[in-house]
Amino acid sequence: MDKRGTQYCAYGCGKRKKRVNSATIKPTDSSTIKSLKNKLKERETEIKEIAEFKQNNPGVKQLPKIIGIGVKKCGTDGVISFLAHHPSIKVPWQVQTETSFFGSGRTKGGPDAYRDFFPPTNSMELGMEKTPTYFVHSDLDIPSAIKNMVPEAKLLLIVCDPTKRTFSDYTHERVRLDLYNDRLIAKYNTFEDYVNEYLPKVRRLLQKSQNNLTSYQDDLKTQNMLIKLHSTDLAATLISTGLYIYHIQRWKKLYNESNLLIIDGENFREDTGAVIENIQDFLGIPKLLWKEDFVKNPDTGFYCFRKFTEKHLNESYVETEDELKTSLKCLGKCKGRTRNGAKHASPETLERLKQFYKPYNEAFYREMGQTYKWL
């Protein structure tokens, strides 16, 4: 890791103020400070060059170069919102970053209809959207539809602990019920009520569908059954979405590590800046968003964007909590309902789900060649 890989939070000597509870430490080594100052100057020069190029080259509407395909409630909104601070990333804010284009009647309009969603981009810019339902959509041909229409696009897939994801999805749907009278889970007043009815139901569907195969790749019957739940029993998908080992199969047929980046949503929440740096490497764009640009909101404990500048290296600079809060660019207040303690589920219910997902998580780990922290 280079020297920028260490975070530094603004605090120091001076007048007595309410200081930020720092999760990071300022560098004291003069060579490190000098190196960081040089890197900051280089970054500002590059940002200025991109801005000047934009002025002279406003661009034209193009198909996106980056598509987030899921998973719902795993951090897709956070990833695209933070990447949008990069001067080379442009997103369709008019549709809240989600086009829901593939798997809908809009595809009849072809590339022109898809292109219309995006702001103009030039040769130094990349259009990006994310539609979390793509990963598990009931349209079996979505991977090939994306590949055929935007063959050069790189995909981002954020996965997370499926037990936590299911609870988050349930909480989201309860809010939709209150706000929009969406009746998907109207009769389940608690998460426990929902799990008590639907966990046995999903188990039965799997037992009925699963072939006696050792390979999840070959179990097309179960893959298709899970995907079709989105059109036959949508409430069941709060649980079935977390069976990543089945859903990943149709994507792996067309995409590999060169054009599909799988991100651990738990890591994204715990070390946001490091993940954002890794995504920029994958996309092949200048690394203009640094780990130091992401600091925790003292109220929520979640990371927010706050551009790191030379003043944060100044030993005499003191940043109060109020000053920090003013400078933060955070996700909406509706984010993290189940992560900040505002909503709770019984430990027994969560343990039941954890045990249900365990063999599927293990299979997913083997498939990806990576161990996550979800067992």
# chains A, B, ... in the order shown; residues from 1 in each chain; ligands from 1
>>> residues_around(residues="Ile239 of chain A", least_positions_apart="5", cutoff="10 Å", atoms="only C-alpha atoms", output="PyMOL selection string")
chain A and resi 162-163+165-167+169-170+195+198-199+202+234+353+356-357
>>> closest_atom_pairs(of="segment 137-220 of chain A", to="segment 52-67 of chain A", cutoff="12 Å", atoms="only C-alpha atoms", output="CSV")
residue,atom,partner,partner_atom,distance
A:Pro143,CA,A:Ile67,CA,11.4
A:Ile146,CA,A:Ile67,CA,9.2
A:Lys147,CA,A:Ile67,CA,11.0
A:Met149,CA,A:Leu63,CA,8.6
A:Val150,CA,A:Leu63,CA,6.9
A:Pro151,CA,A:Lys65,CA,9.1
A:Glu152,CA,A:Lys65,CA,6.7
A:Ala153,CA,A:Lys65,CA,4.3
A:Lys154,CA,A:Ile66,CA,5.0
A:Leu155,CA,A:Ile67,CA,4.9
A:Leu156,CA,A:Ile67,CA,6.2
A:Leu157,CA,A:Ile67,CA,8.8
A:Ile158,CA,A:Ile67,CA,11.5
>>> select_by_dssp(residues="segment 60-222 of chain A", states="strand (DSSP E or B)", output="number ranges by chain")
A: 60, 66-70, 89-90, 121, 126-130, 154-159
>>> residues_around(residues="segment 278-287 of chain A", least_positions_apart="5", cutoff="12 Å", atoms="only C-alpha atoms", output="short mmCIF file (atom, residue, chain, number, x, y, z; two decimals) with C-alpha atoms, in the first residue's frame")
data_model
loop_
_atom_site.label_atom_id
_atom_site.label_comp_id
_atom_site.auth_asym_id
_atom_site.auth_seq_id
_atom_site.Cartn_x
_atom_site.Cartn_y
_atom_site.Cartn_z
CA MET A 1 0.00 0.00 0.00
CA ARG A 4 -1.80 7.54 0.68
CA GLY A 5 -3.20 4.28 2.01
CA LYS A 39 0.27 14.05 -4.45
CA LEU A 40 -2.43 16.58 -3.59
CA GLU A 42 -0.82 16.36 -8.75
CA ARG A 43 -4.44 15.45 -8.06
CA GLU A 44 -5.60 19.05 -8.32
CA THR A 45 -3.71 19.45 -11.58
CA GLU A 46 -5.38 16.38 -13.03
CA ILE A 47 -8.84 17.50 -11.85
CA GLU A 49 -7.18 19.31 -16.73
CA ILE A 50 -10.37 17.22 -16.80
CA LYS A 65 -19.37 2.27 -19.64
CA ILE A 66 -20.25 1.14 -16.08
CA ILE A 67 -23.35 -0.74 -14.89
CA GLY A 68 -24.12 -1.75 -11.33
CA VAL A 79 -21.09 2.92 -4.43
CA ILE A 80 -22.56 4.98 -7.26
CA PHE A 82 -19.54 8.13 -3.92
CA LEU A 83 -18.13 7.35 -7.38
CA ALA A 84 -20.15 10.29 -8.71
CA HIS A 85 -17.71 12.59 -6.90
CA HIS A 86 -15.10 11.54 -9.47
CA PRO A 87 -14.90 14.17 -12.24
CA SER A 88 -14.91 11.46 -14.93
CA ILE A 89 -18.08 9.68 -13.74
CA SER A 123 -13.61 10.84 -24.15
CA MET A 124 -12.48 11.51 -20.56
CA GLU A 125 -15.84 10.62 -19.01
CA LEU A 126 -17.78 7.43 -18.32
CA GLY A 127 -21.52 7.13 -18.01
CA MET A 128 -22.74 4.93 -15.15
CA GLU A 152 -17.52 -2.78 -23.55
CA ALA A 153 -19.32 -1.99 -20.29
CA LYS A 154 -17.80 -3.08 -17.00
CA LEU A 155 -20.15 -4.43 -14.35
CA LEU A 156 -20.11 -3.89 -10.59
CA LEU A 157 -21.78 -6.43 -8.30
CA ILE A 158 -21.99 -5.69 -4.59
CA GLU A 257 -12.81 -10.74 -13.61
CA SER A 258 -11.77 -8.38 -16.42
CA ASN A 259 -15.27 -6.94 -16.80
CA LEU A 260 -17.14 -7.94 -13.63
CA LEU A 261 -15.96 -6.71 -10.24
CA ILE A 262 -17.53 -8.41 -7.22
CA ILE A 263 -17.44 -6.18 -4.16
CA ASP A 264 -18.00 -7.27 -0.56
CA ASN A 267 -16.02 -4.32 3.42
CA PHE A 268 -17.52 -1.33 1.62
CA ASP A 271 -13.58 0.60 4.75
CA THR A 272 -15.37 2.69 2.14
CA GLY A 273 -12.37 4.60 0.83
CA ASP A 293 -11.55 11.48 1.29
#
>>> select_by_dssp(residues="segment 265-359 of chain A", states="alpha helix (DSSP H)", output="MDAnalysis selection string")
chainID A and resid 265:270 272:283 321:327 347:359
>>> atom_distance(atom1="atom CA of Phe308 of chain A", atom2="atom CA of Ser35 of chain A")
14.3 Å
>>> residues_around(residues="segment 221-233 of chain A", least_positions_apart="2", cutoff="7 Å", atoms="only C-alpha atoms", output="ChimeraX atom specification")
/A:136-138,206,209-210,219,235-237,240,246-247
>>> closest_residue(among="A:Lys201, A:Lys358, A:His344, A:Lys253", to="Tyr372 of chain A", atoms="only C-alpha atoms")
A:Lys358
>>> residues_around(residues="Thr97 of chain A", least_positions_apart="3", cutoff="10 Å", atoms="only C-alpha atoms", output="JSON, numbers by chain")
{"A": [68, 77, 80, 81, 90, 91, 92, 93, 94, 100, 117, 118, 128, 129, 130, 131]}
>>> write_last_selection(atoms="all heavy atoms", output="tab-separated table (two decimals), in the first residue's frame")
chain	number	residue	atom	x	y	z
A	68	GLY	N	-23.97	-1.02	-12.59
A	68	GLY	CA	-24.12	-1.75	-11.33
A	68	GLY	C	-25.32	-2.66	-11.44
A	68	GLY	O	-26.44	-2.20	-11.71
A	77	ASP	N	-26.36	1.88	-3.89
A	77	ASP	CA	-26.56	3.33	-3.92
A	77	ASP	C	-25.34	4.05	-3.38
A	77	ASP	O	-24.93	5.09	-3.90
A	77	ASP	CB	-27.80	3.71	-3.12
A	77	ASP	CG	-28.24	5.14	-3.38
A	77	ASP	OD1	-28.56	5.45	-4.54
A	77	ASP	OD2	-28.24	5.95	-2.43
A	80	ILE	N	-22.41	4.04	-6.14
A	80	ILE	CA	-22.56	4.98	-7.26
A	80	ILE	C	-22.56	6.43	-6.77
A	80	ILE	O	-22.03	7.32	-7.43
A	80	ILE	CB	-23.82	4.67	-8.09
A	80	ILE	CG1	-23.78	5.43	-9.42
A	80	ILE	CG2	-25.10	4.99	-7.32
A	80	ILE	CD1	-24.88	5.02	-10.39
A	81	SER	N	-23.12	6.67	-5.59
A	81	SER	CA	-23.16	8.04	-5.06
A	81	SER	C	-21.76	8.55	-4.77
A	81	SER	O	-21.44	9.72	-5.04
A	81	SER	CB	-24.01	8.09	-3.79
A	81	SER	OG	-25.36	7.78	-4.07
A	90	LYS	N	-20.22	10.16	-14.74
A	90	LYS	CA	-21.49	10.89	-14.88
A	90	LYS	C	-22.65	9.89	-14.79
A	90	LYS	O	-22.61	8.83	-15.43
A	90	LYS	CB	-21.53	11.66	-16.20
A	90	LYS	CG	-20.42	12.69	-16.31
A	90	LYS	CD	-20.55	13.57	-17.54
A	90	LYS	CE	-21.62	14.62	-17.37
A	90	LYS	NZ	-21.60	15.61	-18.48
A	91	VAL	N	-23.65	10.25	-14.01
A	91	VAL	CA	-24.77	9.34	-13.76
A	91	VAL	C	-26.09	10.02	-14.11
A	91	VAL	O	-26.18	11.25	-14.08
A	91	VAL	CB	-24.79	8.86	-12.30
A	91	VAL	CG1	-23.49	8.16	-11.94
A	91	VAL	CG2	-25.03	10.03	-11.35
A	92	PRO	N	-27.12	9.23	-14.40
A	92	PRO	CA	-28.44	9.79	-14.74
A	92	PRO	C	-29.25	10.13	-13.50
A	92	PRO	O	-30.14	9.37	-13.09
A	92	PRO	CB	-29.08	8.67	-15.57
A	92	PRO	CG	-28.49	7.41	-15.00
A	92	PRO	CD	-27.09	7.78	-14.59
A	93	TRP	N	-28.97	11.27	-12.89
A	93	TRP	CA	-29.66	11.64	-11.64
A	93	TRP	C	-31.16	11.78	-11.84
A	93	TRP	O	-31.94	11.62	-10.89
A	93	TRP	CB	-29.08	12.95	-11.10
A	93	TRP	CG	-27.68	12.85	-10.61
A	93	TRP	CD1	-26.57	13.47	-11.14
A	93	TRP	CD2	-27.20	12.08	-9.50
A	93	TRP	NE1	-25.44	13.12	-10.43
A	93	TRP	CE2	-25.80	12.27	-9.42
A	93	TRP	CE3	-27.82	11.24	-8.58
A	93	TRP	CZ2	-25.01	11.67	-8.45
A	93	TRP	CZ3	-27.03	10.63	-7.61
A	93	TRP	CH2	-25.65	10.84	-7.54
A	94	GLN	N	-31.60	12.07	-13.07
A	94	GLN	CA	-33.03	12.29	-13.27
A	94	GLN	C	-33.86	11.04	-13.01
A	94	GLN	O	-35.06	11.12	-12.77
A	94	GLN	CB	-33.31	12.81	-14.70
A	94	GLN	CG	-33.22	11.76	-15.82
A	94	GLN	CD	-31.79	11.51	-16.28
A	94	GLN	OE1	-30.84	11.96	-15.64
A	94	GLN	NE2	-31.65	10.81	-17.39
A	100	SER	N	-33.52	0.88	-14.88
A	100	SER	CA	-34.40	-0.31	-14.99
A	100	SER	C	-34.72	-0.61	-16.45
A	100	SER	O	-35.83	-1.01	-16.80
A	100	SER	CB	-35.70	-0.08	-14.20
A	100	SER	OG	-35.43	0.16	-12.84
A	117	PHE	N	-31.13	8.02	-21.52
A	117	PHE	CA	-31.12	8.17	-20.07
A	117	PHE	C	-29.89	8.96	-19.57
A	117	PHE	O	-29.92	9.52	-18.48
A	117	PHE	CB	-31.10	6.80	-19.38
A	117	PHE	CG	-32.44	6.13	-19.32
A	117	PHE	CD1	-32.74	5.08	-20.18
A	117	PHE	CD2	-33.40	6.53	-18.41
A	117	PHE	CE1	-33.97	4.44	-20.12
A	117	PHE	CE2	-34.63	5.90	-18.34
A	117	PHE	CZ	-34.92	4.85	-19.20
A	118	PHE	N	-28.82	8.97	-20.36
A	118	PHE	CA	-27.54	9.41	-19.84
A	118	PHE	C	-27.17	10.82	-20.28
A	118	PHE	O	-27.50	11.24	-21.38
A	118	PHE	CB	-26.44	8.42	-20.26
A	118	PHE	CG	-26.66	7.05	-19.71
A	118	PHE	CD1	-27.36	6.10	-20.42
A	118	PHE	CD2	-26.21	6.74	-18.43
A	118	PHE	CE1	-27.60	4.84	-19.90
A	118	PHE	CE2	-26.44	5.49	-17.89
A	118	PHE	CZ	-27.14	4.53	-18.62
A	128	MET	N	-22.51	6.04	-16.07
A	128	MET	CA	-22.74	4.93	-15.15
A	128	MET	C	-24.17	4.92	-14.67
A	128	MET	O	-24.77	5.97	-14.42
A	128	MET	CB	-21.80	5.04	-13.94
A	128	MET	CG	-22.03	3.96	-12.89
A	128	MET	SD	-20.92	4.12	-11.46
A	128	MET	CE	-21.45	2.69	-10.49
A	129	GLU	N	-24.73	3.74	-14.56
A	129	GLU	CA	-26.03	3.54	-13.91
A	129	GLU	C	-25.94	2.31	-13.04
A	129	GLU	O	-25.03	1.50	-13.14
A	129	GLU	CB	-27.15	3.38	-14.94
A	129	GLU	CG	-27.16	2.03	-15.68
A	129	GLU	CD	-28.49	1.26	-15.55
A	129	GLU	OE1	-29.14	1.37	-14.48
A	129	GLU	OE2	-28.84	0.57	-16.52
A	130	LYS	N	-26.94	2.17	-12.15
A	130	LYS	CA	-27.05	0.92	-11.39
A	130	LYS	C	-28.53	0.60	-11.23
A	130	LYS	O	-29.36	1.46	-10.94
A	130	LYS	CB	-26.36	1.04	-10.03
A	130	LYS	CG	-26.89	2.15	-9.12
A	130	LYS	CD	-27.93	1.68	-8.14
A	130	LYS	CE	-28.40	2.80	-7.24
A	130	LYS	NZ	-29.51	2.41	-6.36
A	131	THR	N	-28.85	-0.64	-11.53
A	131	THR	CA	-30.21	-1.15	-11.32
A	131	THR	C	-30.06	-2.46	-10.56
A	131	THR	O	-29.73	-3.50	-11.16
A	131	THR	CB	-30.95	-1.36	-12.65
A	131	THR	OG1	-31.05	-0.10	-13.34
A	131	THR	CG2	-32.36	-1.90	-12.40
>>> closest_residue(among="A:Val159, A:Thr326, A:Asn38, A:Lys373", to="Asn297 of chain A", atoms="only C-alpha atoms")
A:Thr326
>>> atom_distance(atom1="atom CA of Lys325 of chain A", atom2="atom CA of Lys73 of chain A")
25.2 Å
>>> closest_residue(among="A:Ala345, A:Cys330, A:Ala51, A:Leu254", to="Thr190 of chain A", atoms="only C-alpha atoms")
A:Ala345
